[in-house]
Structure formats: C-alpha cells, structure tokens
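First up is the structure itself, then whatever we jot down about it.
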Amino acid sequence: MQLNYKKIGETGKPLVILHGVFGFLDNWLTIGKTISEQGFIVYLVDQRHHGRSPHEGALDFPTLAADLKEFIEQQHLTSPILIGHSMGGKTVMEYAVNYPDTFEKLVVVDIGPKQYPIHHTRLLQGLNALPVEEIENRQQADDILSTYEPILSVRQFLLKNLYRKEEGGFDWRFNLPVLTRDMANVGAPIRTTKPVETSALFIRGEKSDYVLDEDWDGILKIFPNAKLETITNAGHWIQAEQPKAFVECLLAYLNA
C-alpha cells in the first residue's frame with residue numbers, strides 16, 4: 001500500500017500524524033508546519049479510503065495499523081513519534097499493541113480504546129443524499145447537507161473533501177461507499193492481553209465526551225505509562241479549535 005503523504009522539515013525526530021474519519025492530511029498542515037519548526041520531521045499521512053491514498057481493501061484498525069507499519073518501513077523511519085486524532089488515534093493505538101517497541105512516544109487525541117457506538121448515521125445520510133455529479137458549486141452542497149447537519153463548522157470540515165473533477169462534476173476525497181458500509185469498524189475497541197509500556201499522552205477536549213473520567217482506568221490497563229491532558233474550551237477537534245494550547249501541550253510532552 002502506497003499511502004499519500006506530505007513531508008515537512010528535513011532534520012529532527014520523525015513524527016507521523018494521522019487524521020480522523022472524513023479527514024485528510026490537509027487538516028493538519030498548519031499544526032504540522034508549526035511542529036516541524038521545533039525540531040521534528042513531520043509526516044502527514046492520508047489513511048486508506050481517505051484523501052489521495054488508495055480507496056481499496058478493508059476499513060478496520062488491523063488493516064490501518066498494518067498500513068502505518070508499511071509506511072514507516074517504506075520511509076525508513078526509526079522509532080518515530082506517532083500522533084493520531086479520533087480514528088487516527090485508534091489506528092496508532094492498534095499499531096502500538098501490534099508492533100510494540102517500534103516507536104518512541106504515542107499521542108492520542110480525543111479518543112480512547114473503548115468501543116464507540118455508531119454516531120455518524122445522520123452525516124452519512126446527508127453525504128449520500130448529495131448528488132455530487134449534478135451540483136454546480138459548494139453552496140448547493142452546503143444547502144443540501146444543512147438539512148442533515150446544522151453545525152456550520154462540521155459541514156465546512158466535510159465539504160473540504162469535495163473537489164471538482166477535470167471531466168466535470170464533483171466527487172469526494174474519501175471513499176463514501178466504504179465509510180457507509182464499514183462505519184461500525186471505526187468504533188471498534190482496541191484489545192490486547194499485553195500492556196504497552198511505551199510512554200503515551202492522551203489529549204482530550206474539555207467540551208468533548210469522547211474520553212470521560214471513567215474511561216481512564218481502562219486506558220491505563222493498556223497504556224500504563226500514559227498521562228492525560230485536558231484542553232479547555234475545546235471539543236472533539238482540539239487542534240482546530242484551540243491550536244495554540246494544543247501545540248503547547250504537545251511540545252511540552254515531546255520535549256520532556
């Protein structure tokens with residue numbers, strides 16, 4: 001699998017960032033550039049079925065973790081730092097339990113290893129209702145999607161994936177049929193019988209309900225050397241809502 005990626009920086013420790021569901025590497029460009037200026041070579045990666053990476057095969061965490069392992073080997077990275085948000089966080093956790101001792105540090109952004117119920121059903125209905133071959137502009141797409149998702153910032157995030165094809169019409173950067181079919185896999189738990197001893201940081205948003213206080217014991221069973229940081233006035237998309245606080249928290253951990 002040849003994943004699409006963008007490399008930022010030429011010297012420093014290797015650091016790989018994985019986006020969440022419906023996302024792609026461009027979501028992390030600003031953060032990636034900021035981090036690279038602090039002594040890191042940053043690799044922003046489109047996960048399978050997202051962005052410009054191949055839209056083929058399964059969508060589950062063992063597959064996504066295997067993709068990450070192959071990417072690390074292809075780039076000849078030694079003990080990289082791994083960062084993942086939401087679905088990307090689950091991917092790096094799955095990688096950690098399957099390929100321990102191959103990375104320096106783990107950063108998981110606003111997600112835990114527990115099972116999550118499917119909660120994107122309405123969004124998927126809206127995305128599938130969009131006649132991408134027929135619409136003439138993004139405003140038409142937003143008008144249709146607004147009947148399914150009232151929050152403008154969420155619609156804007158999703159519509160970043162909409163692109164105009166050379167032959168006319170629009171299409172999605174993500175693989176909508178596969179996401180619709182396999183969304184249950186995105187909520188699947190991370191399981192292991194052997195704890196991961198490598199240092200880990202879990203960052204959650206104060207206004208998010210993805211990582212609750214009662215989840216922490218379960219996280220420590222898998223990642224006993226983990227620490228938890230909470231970013232105030234942030235929801236699930238911490239890095240977009242509070243980028244300065246997020247970067248400060250991240251660099252404090254990476255440079256410790």
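In the structure tokens, chains take letters A, B, ... by order of appearance, with residues numbered from 1 within each chain and ligands from 1 in the order shown.
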What are the closest atom pairs, with distances in Å to one decimal, for all residues of range 52-123 of chain A lying within 8 Å of range 218-221 of chain A? Consider only C-alpha atoms, order rows by chain and residue number, and present the result as a tab-separated table.
```
residue	atom	partner	partner_atom	distance
A:Gly112	CA	A:Ile219	CA	6.8
A:Pro113	CA	A:Ile219	CA	6.7
A:Lys114	CA	A:Gly218	CA	7.8
```
Filtered DSSP result for range 196-236 of chain A, state helix (DSSP H, G or I), as a ChimeraX atom specification: /A:213-222
Minimum-distance residue to Ser53 in chain A, chosen among A:Ile81, A:Lys244, A:Phe170, A:Gly23 (using only C-alpha atoms):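 Of A:Ile81, A:Lys244, A:Phe170, A:Gly23, the one nearest Ser53 in chain A is A:Gly23, counting only C-alpha atoms.
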Contact residues around Gly84 in chain A with only C-alpha atoms at 6 Å, ignoring same-chain residues under 2 positions, as a PyMOL selection string: chain A and resi 17-18+88-89+108
Residue list (strand (DSSP E), DSSP) for range 161-199 of chain A, as a list of chain:residue names: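 Reading the DSSP output for range 161-199 of chain A, strand (DSSP E) covers A:Leu162, A:Tyr163, A:Arg164, A:Phe170, A:Asp171, A:Trp172.
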Which residue of A:Ser153, A:Gln38, A:Gln47, A:Thr78 approaches Phe174 in chain A most closely, using only C-alpha atoms: A:Gln47
Contacts of range 208-217 of chain A at 7 Å (only C-alpha atoms; same-chain gap of 5+ positions) as a ChimeraX atom specification: /A:110-112,235-236
Among listed residues A:Cys249, A:Met183, A:Leu124, A:Leu106, nearest Val196 in chain A (using only C-alpha atoms):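 Closest residue, counting only C-alpha atoms: A:Leu106.
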Test item: residues at most 12 Å from Val16 in chain A, only C-alpha atoms, excluding those fewer than 2 positions along its chain, as a PyMOL selection string: chain A and resi 5-8+13-14+18-19+25+28+32+35-36+40-47+68-69+71-72+75+77-85+88-89+91-92+103-108
Range 165-168 of chain A surroundings by only C-alpha atoms, 12 Å radius, close-in-sequence under 2 positions cut, as a list in words: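 So, after excluding close chain neighbours, the residues are Val132, Glu133, Glu134, Ile135, Glu136, Asn137, Leu162, Tyr163, Phe170, Asp171, Trp172 and Arg173 of chain A.
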Non-local contacts of Tyr148 in chain A (8 Å; only C-alpha atoms; under 4 positions in same chain excluded) as a list in words: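 Listing them by chain and then by number gives Arg122, Leu123, Gln125, Gly126 and Ile144 of chain A.
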Could those residues be written to a file, using C-alpha atoms, as a PDB file, in the first residue's frame?
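Saved result, part.pdb, follows:
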```pdb
ATOM      1  CA  ARG A 122     -27.169  11.223  10.065  1.00  0.00           C
ATOM      2  CA  LEU A 123     -23.994  12.622   8.476  1.00  0.00           C
ATOM      3  CA  GLN A 125     -27.312  10.002   5.172  1.00  0.00           C
ATOM      4  CA  GLY A 126     -26.613  13.592   4.229  1.00  0.00           C
ATOM      5  CA  ILE A 144     -28.403  20.103   0.977  1.00  0.00           C
TER       6      ILE A 144
END
```
For CA of Glu10 in chain A and CA of Leu251 in chain A, the interatomic separation in Å (one decimal):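 According to the coordinates, CA of Glu10 in chain A and CA of Leu251 in chain A are separated by 18.3 Å.
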